[in-house]
Amino acid sequence: MLIDSYDRVVDYLRVSVTERCNFRCQYCMPEKPFSWVPKENLLSFEELFEFMKVAIDEGVQKIRITGGEPLLREDLDRFIGMIYNYAPHIDLAMTTNAFLLKGTAQRLKDAGLKRINVSIDTLKPEVALAITGKDVLKNVLEGVEEARAVGFKVKVNMVPMKGMNADEIIDVLEYCKERNMSVRFIEYMENAHATVDISGMKSDELLAILSEKYEFVDDGFDGSSPSHYYTMKDGYRFGIIEPYADDFCKQCNRIRLTAEGNLIPCLYFDESMSIAESVRNGDIKAAAEVLREVVRTKPEKNRWGGEEGEASSRAFYETGG
Ligand code: SAM
Ligand code: SF4
């Protein structure tokens, strides 16, 4: 079992398979980065998988494939299949912008993917264009329908921003509720790569809007999820992820692996250790050592709510969010 210095059990690995993305979300990758990671620096699926086996053997129970946009990586279903065949018990999920889900959902399902989280920030085509830089909404919504049709349980992430999509909180919630998909509102996390003038909505502002229309009770946190949950009278549950509150970190159970093989103990901080050389040399013992060291050095909490500069220099498209 992997336990950090604050007695948190680390059993969740998020794996970014690419930093590349077909969207240019204002809050994540408003511009194409100056340069992408050269292809030869990316770990192959085989190399990523070698490390994932180590992590699973050390106690990881949950794996999320993310990015950038994970569906841009060719043959992703083959990778999913490798993980599933090694450890069918793992809670194997993916976070995607859904643009390429149509036509791939069935293959992902067949390969062993269990759950999908989709980012839907708006239901208006022109707002989707303003947020992502591309006319994406039709494909996204069709992708969601296809994922549901092949039997995926889908959860939705929305980043509410003032003057952008803040007036759609209820609409997105209703869209999700009608489809029995849970929605989580994520507070915009300031980072050096996003557009500077974004003004994200905080949980108290979201709750004020939601409570005008709905009655709900505060369910607090659920296990190690970073999401604060609320349940409506009819049983529908929605969540709010509030990194600006310390509570976000108390039950944190996750570490992140980038497509280049950097293992990151915390989403906020720059620190990381590379497992690339060890897996490329087939030195599994060394990879396991790095894993244990990264868990050991996991910080107690992020600094989004702190006094010393609240923006992170980490790119979400690199860490996978
Ligand atoms: N491309 C996929 C997607 O958009 O779902 C997966 C990667 S994306 C980096 C993962 C999650 O991070 C998305 O739900 C996105 O909304 C969230 N995210 C990215 N930048 C963020 C920011 N600055 N603040 C809050 N959430 C952010
Ligand atoms: Fe791409 Fe996801 Fe970042 Fe949007 S949030 S730019 S879809 S990685």
# chains A, B, ... in the order shown; residues from 1 in each chain; ligands from 1
call {"tool": "residues_near_ligand", "arguments": {"ligand": "ligand 2", "cutoff": "8 Å", "atoms": "only C-alpha atoms and all ligand atoms", "output": "MDAnalysis selection string"}}
result
chainID A and resid 19:30 67:69 96:97 119 132 316:318 320:321
call {"tool": "residues_around", "arguments": {"residues": "Met189 of chain A", "least_positions_apart": "6", "cutoff": "12 Å", "atoms": "only C-alpha atoms", "output": "NGL selection string"}}
result
:A and (26-28 or 159-161 or 195-196 or 198-202 or 241-245 or 267-268 or 302-305 or 310-316 or 321)
call {"tool": "residues_around", "arguments": {"residues": "segment 80-82 of chain A", "least_positions_apart": "3", "cutoff": "12 Å", "atoms": "only C-alpha atoms", "output": "ChimeraX atom specification"}}
result
/A:15,17,45-50,52-53,63-66,70-71,73-77,85-88,90-94,107-115
call {"tool": "select_by_dssp", "arguments": {"residues": "segment 56-213 of chain A", "states": "alpha helix (DSSP H)", "output": "ChimeraX atom specification"}}
result
/A:56-57,76-86,105-111,125-132,137-149,169-178,203-213
call {"tool": "closest_residue", "arguments": {"among": "A:Glu190, A:Asp234, A:Asp7, A:Glu215", "to": "ligand 1", "atoms": "only C-alpha atoms and all ligand atoms"}}
result
A:Glu190
call {"tool": "atom_distance", "arguments": {"atom1": "atom CA of Phe269 of chain A", "atom2": "atom CA of Asn191 of chain A"}}
result
10.7 Å
call {"tool": "residues_around", "arguments": {"residues": "segment 171-183 of chain A", "least_positions_apart": "5", "cutoff": "6 Å", "atoms": "only C-alpha atoms", "output": "NGL selection string"}}
result
:A and (154-157 or 238)
call {"tool": "atom_distance", "arguments": {"atom1": "atom CA of Ala149 of chain A", "atom2": "atom CA of Leu101 of chain A"}}
result
11.6 Å
call {"tool": "atom_distance", "arguments": {"atom1": "atom 22 (C, counted along the ligand's line) of ligand 1", "atom2": "atom CA of Ala105 of chain A"}}
result
25.5 Å
call {"tool": "residues_around", "arguments": {"residues": "Ser278 of chain A", "least_positions_apart": "5", "cutoff": "12 Å", "atoms": "only C-alpha atoms", "output": "ChimeraX atom specification"}}
result
/A:43,47-48,50-51,54,261-262,273,283-291
call {"tool": "write_last_selection", "arguments": {"atoms": "all heavy atoms", "output": "compact mmCIF listing (two decimals), in the first residue's frame"}}
result
# COMPACT_ATOMS: atom_id res chain seq x y z
N LEU A 43 6.30 8.49 -23.79
CA LEU A 43 6.42 7.07 -23.49
C LEU A 43 5.43 6.31 -24.37
O LEU A 43 4.32 6.77 -24.62
CB LEU A 43 6.12 6.81 -22.01
CG LEU A 43 7.12 7.37 -20.99
CD1 LEU A 43 6.79 6.87 -19.59
CD2 LEU A 43 8.55 7.00 -21.35
N GLU A 47 5.60 1.27 -22.48
CA GLU A 47 6.40 1.85 -21.38
C GLU A 47 5.49 2.39 -20.27
O GLU A 47 5.74 2.17 -19.07
CB GLU A 47 7.31 2.95 -21.93
CG GLU A 47 8.44 2.39 -22.77
CD GLU A 47 9.11 3.41 -23.69
OE1 GLU A 47 8.53 4.49 -23.93
OE2 GLU A 47 10.21 3.11 -24.17
N LEU A 48 4.43 3.06 -20.66
CA LEU A 48 3.47 3.56 -19.64
C LEU A 48 2.91 2.38 -18.85
O LEU A 48 2.80 2.41 -17.62
CB LEU A 48 2.32 4.32 -20.31
CG LEU A 48 2.62 5.70 -20.89
CD1 LEU A 48 1.44 6.21 -21.71
CD2 LEU A 48 2.94 6.70 -19.77
N GLU A 50 4.24 -0.57 -18.33
CA GLU A 50 5.23 -1.17 -17.41
C GLU A 50 5.16 -0.47 -16.06
O GLU A 50 5.19 -1.10 -15.01
CB GLU A 50 6.66 -1.04 -17.98
CG GLU A 50 7.02 -2.10 -18.99
CD GLU A 50 6.70 -3.52 -18.53
OE1 GLU A 50 7.14 -3.91 -17.43
OE2 GLU A 50 5.99 -4.23 -19.28
N PHE A 51 5.06 0.87 -16.11
CA PHE A 51 4.98 1.60 -14.85
C PHE A 51 3.63 1.36 -14.16
O PHE A 51 3.55 1.23 -12.94
CB PHE A 51 5.18 3.11 -15.07
CG PHE A 51 4.99 3.86 -13.78
CD1 PHE A 51 5.96 3.82 -12.80
CD2 PHE A 51 3.81 4.55 -13.52
CE1 PHE A 51 5.77 4.44 -11.57
CE2 PHE A 51 3.61 5.19 -12.31
CZ PHE A 51 4.59 5.14 -11.34
N VAL A 54 3.55 -1.63 -12.05
CA VAL A 54 4.23 -1.40 -10.77
C VAL A 54 3.26 -0.72 -9.80
O VAL A 54 3.10 -1.12 -8.65
CB VAL A 54 5.49 -0.51 -10.95
CG1 VAL A 54 6.09 -0.12 -9.62
CG2 VAL A 54 6.51 -1.21 -11.83
N GLY A 261 6.43 10.75 -18.84
CA GLY A 261 6.93 9.92 -17.74
C GLY A 261 7.28 10.67 -16.48
O GLY A 261 8.03 10.17 -15.64
N ASN A 262 6.77 11.90 -16.34
CA ASN A 262 7.00 12.62 -15.09
C ASN A 262 5.90 12.30 -14.10
O ASN A 262 4.71 12.43 -14.43
CB ASN A 262 7.07 14.12 -15.34
CG ASN A 262 8.28 14.49 -16.17
OD1 ASN A 262 9.35 13.91 -16.00
ND2 ASN A 262 8.12 15.42 -17.10
N MET A 273 9.11 13.76 -10.55
CA MET A 273 10.27 12.89 -10.73
C MET A 273 9.99 12.01 -11.94
O MET A 273 8.86 11.58 -12.15
CB MET A 273 10.46 12.00 -9.50
CG MET A 273 11.07 12.73 -8.31
SD MET A 273 11.23 11.64 -6.88
CE MET A 273 12.74 10.77 -7.28
N ASP A 283 14.12 -1.22 -15.75
CA ASP A 283 14.50 -1.29 -14.32
C ASP A 283 13.26 -1.00 -13.45
O ASP A 283 13.04 0.11 -12.99
CB ASP A 283 15.61 -0.27 -14.05
CG ASP A 283 16.23 -0.45 -12.68
OD1 ASP A 283 15.64 -1.20 -11.87
OD2 ASP A 283 17.28 0.15 -12.42
N ILE A 284 12.49 -2.03 -13.24
CA ILE A 284 11.22 -1.90 -12.54
C ILE A 284 11.42 -1.51 -11.07
O ILE A 284 10.65 -0.76 -10.49
CB ILE A 284 10.44 -3.24 -12.67
CG1 ILE A 284 10.10 -3.49 -14.14
CG2 ILE A 284 9.19 -3.27 -11.81
CD1 ILE A 284 9.51 -2.29 -14.86
N LYS A 285 12.52 -2.02 -10.50
CA LYS A 285 12.83 -1.69 -9.10
C LYS A 285 13.02 -0.18 -8.94
O LYS A 285 12.52 0.42 -8.00
CB LYS A 285 14.13 -2.39 -8.69
CG LYS A 285 13.91 -3.65 -7.89
CD LYS A 285 15.23 -4.05 -7.32
CE LYS A 285 15.06 -5.23 -6.39
NZ LYS A 285 16.35 -5.79 -6.03
N ALA A 286 13.76 0.41 -9.89
CA ALA A 286 14.02 1.85 -9.83
C ALA A 286 12.71 2.63 -10.00
O ALA A 286 12.48 3.64 -9.33
CB ALA A 286 15.02 2.25 -10.90
N ALA A 287 11.84 2.15 -10.90
CA ALA A 287 10.55 2.82 -11.11
C ALA A 287 9.73 2.78 -9.82
O ALA A 287 9.09 3.77 -9.43
CB ALA A 287 9.79 2.17 -12.26
N ALA A 288 9.77 1.64 -9.14
CA ALA A 288 9.02 1.50 -7.89
C ALA A 288 9.58 2.44 -6.82
O ALA A 288 8.83 3.02 -6.02
CB ALA A 288 9.07 0.05 -7.41
N GLU A 289 10.91 2.63 -6.82
CA GLU A 289 11.55 3.54 -5.87
C GLU A 289 11.07 4.97 -6.09
O GLU A 289 10.75 5.69 -5.16
CB GLU A 289 13.08 3.52 -6.05
CG GLU A 289 13.77 2.42 -5.27
CD GLU A 289 13.39 2.42 -3.80
OE1 GLU A 289 13.42 3.50 -3.18
OE2 GLU A 289 13.00 1.35 -3.28
N VAL A 290 11.01 5.37 -7.39
CA VAL A 290 10.55 6.73 -7.72
C VAL A 290 9.10 6.90 -7.26
O VAL A 290 8.73 7.91 -6.65
CB VAL A 290 10.67 7.01 -9.25
CG1 VAL A 290 10.06 8.36 -9.59
CG2 VAL A 290 12.11 6.96 -9.70
N LEU A 291 8.30 5.88 -7.51
CA LEU A 291 6.90 5.94 -7.10
C LEU A 291 6.78 6.17 -5.59
O LEU A 291 6.05 7.06 -5.14
CB LEU A 291 6.20 4.63 -7.52
CG LEU A 291 4.79 4.40 -7.00
CD1 LEU A 291 3.84 5.50 -7.49
CD2 LEU A 291 4.26 3.03 -7.45
call {"tool": "residues_around", "arguments": {"residues": "Lys213 of chain A", "least_positions_apart": "3", "cutoff": "12 Å", "atoms": "only C-alpha atoms", "output": "mmCIF file with all heavy atoms, in the first residue's frame"}}
result
data_model
loop_
_atom_site.group_PDB
_atom_site.id
_atom_site.type_symbol
_atom_site.label_atom_id
_atom_site.label_comp_id
_atom_site.auth_asym_id
_atom_site.auth_seq_id
_atom_site.Cartn_x
_atom_site.Cartn_y
_atom_site.Cartn_z
ATOM 1 N N ILE A 169 -25.573 27.435 -15.687
ATOM 2 C CA ILE A 169 -25.386 26.419 -14.642
ATOM 3 C C ILE A 169 -26.624 25.527 -14.517
ATOM 4 O O ILE A 169 -26.534 24.296 -14.494
ATOM 5 C CB ILE A 169 -25.089 27.112 -13.297
ATOM 6 C CG1 ILE A 169 -23.729 27.772 -13.368
ATOM 7 C CG2 ILE A 169 -25.116 26.140 -12.129
ATOM 8 C CD1 ILE A 169 -23.560 28.867 -12.365
ATOM 9 N N ILE A 170 -27.784 26.177 -14.475
ATOM 10 C CA ILE A 170 -29.026 25.408 -14.333
ATOM 11 C C ILE A 170 -29.273 24.564 -15.583
ATOM 12 O O ILE A 170 -29.654 23.396 -15.501
ATOM 13 C CB ILE A 170 -30.241 26.355 -14.116
ATOM 14 C CG1 ILE A 170 -30.010 27.251 -12.900
ATOM 15 C CG2 ILE A 170 -31.559 25.589 -14.046
ATOM 16 C CD1 ILE A 170 -30.333 26.687 -11.563
ATOM 17 N N ASP A 171 -29.037 25.157 -16.758
ATOM 18 C CA ASP A 171 -29.284 24.430 -18.025
ATOM 19 C C ASP A 171 -28.409 23.188 -18.129
ATOM 20 O O ASP A 171 -28.868 22.121 -18.532
ATOM 21 C CB ASP A 171 -29.001 25.331 -19.239
ATOM 22 C CG ASP A 171 -30.010 26.462 -19.339
ATOM 23 O OD1 ASP A 171 -31.040 26.397 -18.643
ATOM 24 O OD2 ASP A 171 -29.752 27.411 -20.099
ATOM 25 N N LEU A 173 -27.018 21.604 -15.631
ATOM 26 C CA LEU A 173 -27.470 20.647 -14.611
ATOM 27 C C LEU A 173 -28.716 19.896 -15.095
ATOM 28 O O LEU A 173 -28.798 18.667 -14.985
ATOM 29 C CB LEU A 173 -27.748 21.376 -13.288
ATOM 30 C CG LEU A 173 -28.100 20.472 -12.108
ATOM 31 C CD1 LEU A 173 -27.472 20.978 -10.820
ATOM 32 C CD2 LEU A 173 -29.596 20.301 -11.923
ATOM 33 N N GLU A 174 -29.666 20.622 -15.675
ATOM 34 C CA GLU A 174 -30.906 19.974 -16.159
ATOM 35 C C GLU A 174 -30.605 18.986 -17.285
ATOM 36 O O GLU A 174 -31.179 17.901 -17.338
ATOM 37 C CB GLU A 174 -31.906 21.034 -16.650
ATOM 38 C CG GLU A 174 -32.626 21.776 -15.523
ATOM 39 C CD GLU A 174 -33.574 20.882 -14.706
ATOM 40 O OE1 GLU A 174 -34.162 19.954 -15.280
ATOM 41 O OE2 GLU A 174 -33.703 21.123 -13.493
ATOM 42 N N LEU A 206 -22.067 29.706 -6.793
ATOM 43 C CA LEU A 206 -22.804 28.628 -7.474
ATOM 44 C C LEU A 206 -23.986 28.179 -6.627
ATOM 45 O O LEU A 206 -25.108 28.021 -7.115
ATOM 46 C CB LEU A 206 -21.871 27.435 -7.710
ATOM 47 C CG LEU A 206 -20.742 27.659 -8.714
ATOM 48 C CD1 LEU A 206 -19.650 26.617 -8.572
ATOM 49 C CD2 LEU A 206 -21.315 27.624 -10.128
ATOM 50 N N LEU A 207 -23.709 27.995 -5.325
ATOM 51 C CA LEU A 207 -24.775 27.504 -4.440
ATOM 52 C C LEU A 207 -25.914 28.518 -4.342
ATOM 53 O O LEU A 207 -27.089 28.143 -4.263
ATOM 54 C CB LEU A 207 -24.209 27.199 -3.051
ATOM 55 C CG LEU A 207 -23.307 25.953 -2.999
ATOM 56 C CD1 LEU A 207 -22.584 25.848 -1.657
ATOM 57 C CD2 LEU A 207 -24.111 24.671 -3.270
ATOM 58 N N ALA A 208 -25.580 29.816 -4.381
ATOM 59 C CA ALA A 208 -26.620 30.846 -4.300
ATOM 60 C C ALA A 208 -27.564 30.721 -5.501
ATOM 61 O O ALA A 208 -28.792 30.778 -5.367
ATOM 62 C CB ALA A 208 -25.980 32.226 -4.251
ATOM 63 N N ILE A 209 -27.000 30.520 -6.679
ATOM 64 C CA ILE A 209 -27.826 30.392 -7.893
ATOM 65 C C ILE A 209 -28.653 29.106 -7.837
ATOM 66 O O ILE A 209 -29.859 29.100 -8.102
ATOM 67 C CB ILE A 209 -26.932 30.392 -9.154
ATOM 68 C CG1 ILE A 209 -26.289 31.764 -9.323
ATOM 69 C CG2 ILE A 209 -27.732 30.014 -10.397
ATOM 70 C CD1 ILE A 209 -25.234 31.842 -10.411
ATOM 71 N N LEU A 210 -28.012 28.015 -7.468
ATOM 72 C CA LEU A 210 -28.708 26.714 -7.460
ATOM 73 C C LEU A 210 -29.816 26.678 -6.409
ATOM 74 O O LEU A 210 -30.871 26.085 -6.631
ATOM 75 C CB LEU A 210 -27.692 25.582 -7.225
ATOM 76 C CG LEU A 210 -26.712 25.355 -8.385
ATOM 77 C CD1 LEU A 210 -25.493 24.546 -7.933
ATOM 78 C CD2 LEU A 210 -27.409 24.651 -9.542
ATOM 79 N N PHE A 216 -31.763 21.345 -1.682
ATOM 80 C CA PHE A 216 -30.809 20.238 -1.605
ATOM 81 C C PHE A 216 -30.129 20.234 -0.238
ATOM 82 O O PHE A 216 -30.145 21.241 0.467
ATOM 83 C CB PHE A 216 -29.770 20.320 -2.734
ATOM 84 C CG PHE A 216 -29.168 21.686 -2.928
ATOM 85 C CD1 PHE A 216 -28.113 22.127 -2.136
ATOM 86 C CD2 PHE A 216 -29.655 22.537 -3.911
ATOM 87 C CE1 PHE A 216 -27.559 23.379 -2.320
ATOM 88 C CE2 PHE A 216 -29.102 23.800 -4.107
ATOM 89 C CZ PHE A 216 -28.054 24.228 -3.305
ATOM 90 N N MET A 232 -30.396 16.574 -4.068
ATOM 91 C CA MET A 232 -31.699 17.233 -4.193
ATOM 92 C C MET A 232 -32.792 16.340 -3.638
ATOM 93 O O MET A 232 -32.581 15.146 -3.424
ATOM 94 C CB MET A 232 -31.993 17.508 -5.665
ATOM 95 C CG MET A 232 -31.084 18.528 -6.247
ATOM 96 S SD MET A 232 -31.599 18.826 -7.950
ATOM 97 C CE MET A 232 -30.318 19.924 -8.445
ATOM 98 N N LYS A 233 -33.964 16.911 -3.475
ATOM 99 C CA LYS A 233 -35.105 16.179 -2.912
ATOM 100 C C LYS A 233 -35.403 14.898 -3.674
ATOM 101 O O LYS A 233 -35.794 13.884 -3.103
ATOM 102 C CB LYS A 233 -36.352 17.065 -2.931
ATOM 103 C CG LYS A 233 -36.477 17.906 -1.679
ATOM 104 C CD LYS A 233 -37.830 18.552 -1.637
ATOM 105 C CE LYS A 233 -38.170 18.947 -0.209
ATOM 106 N NZ LYS A 233 -39.371 19.737 -0.160
#
call {"tool": "residues_around", "arguments": {"residues": "Leu257 of chain A", "least_positions_apart": "6", "cutoff": "7 Å", "atoms": "only C-alpha atoms", "output": "PyMOL selection string"}}
result
chain A and resi 14-16+263-264
call {"tool": "write_last_selection", "arguments": {"atoms": "C-alpha atoms", "output": "mmCIF file, in the first residue's frame"}}
result
data_model
loop_
_atom_site.group_PDB
_atom_site.id
_atom_site.type_symbol
_atom_site.label_atom_id
_atom_site.label_comp_id
_atom_site.auth_asym_id
_atom_site.auth_seq_id
_atom_site.Cartn_x
_atom_site.Cartn_y
_atom_site.Cartn_z
ATOM 1 C CA ARG A 14 -4.095 9.697 -13.363
ATOM 2 C CA VAL A 15 -2.242 9.056 -16.594
ATOM 3 C CA SER A 16 -1.974 11.744 -19.242
ATOM 4 C CA LEU A 263 5.340 11.553 -11.889
ATOM 5 C CA ILE A 264 3.680 14.478 -10.130
#
call {"tool": "closest_residue", "arguments": {"among": "A:Gly239, A:Gly220, A:Pro226, A:Pro265", "to": "Ser203 of chain A", "atoms": "only C-alpha atoms"}}
result
A:Gly239
call {"tool": "select_by_dssp", "arguments": {"residues": "segment 38-254 of chain A", "states": "strand (DSSP E)", "output": "PyMOL selection string"}}
result
chain A and resi 62-66+91-96+115-119+153-158+183-186+216-221+227-232+237-241+254
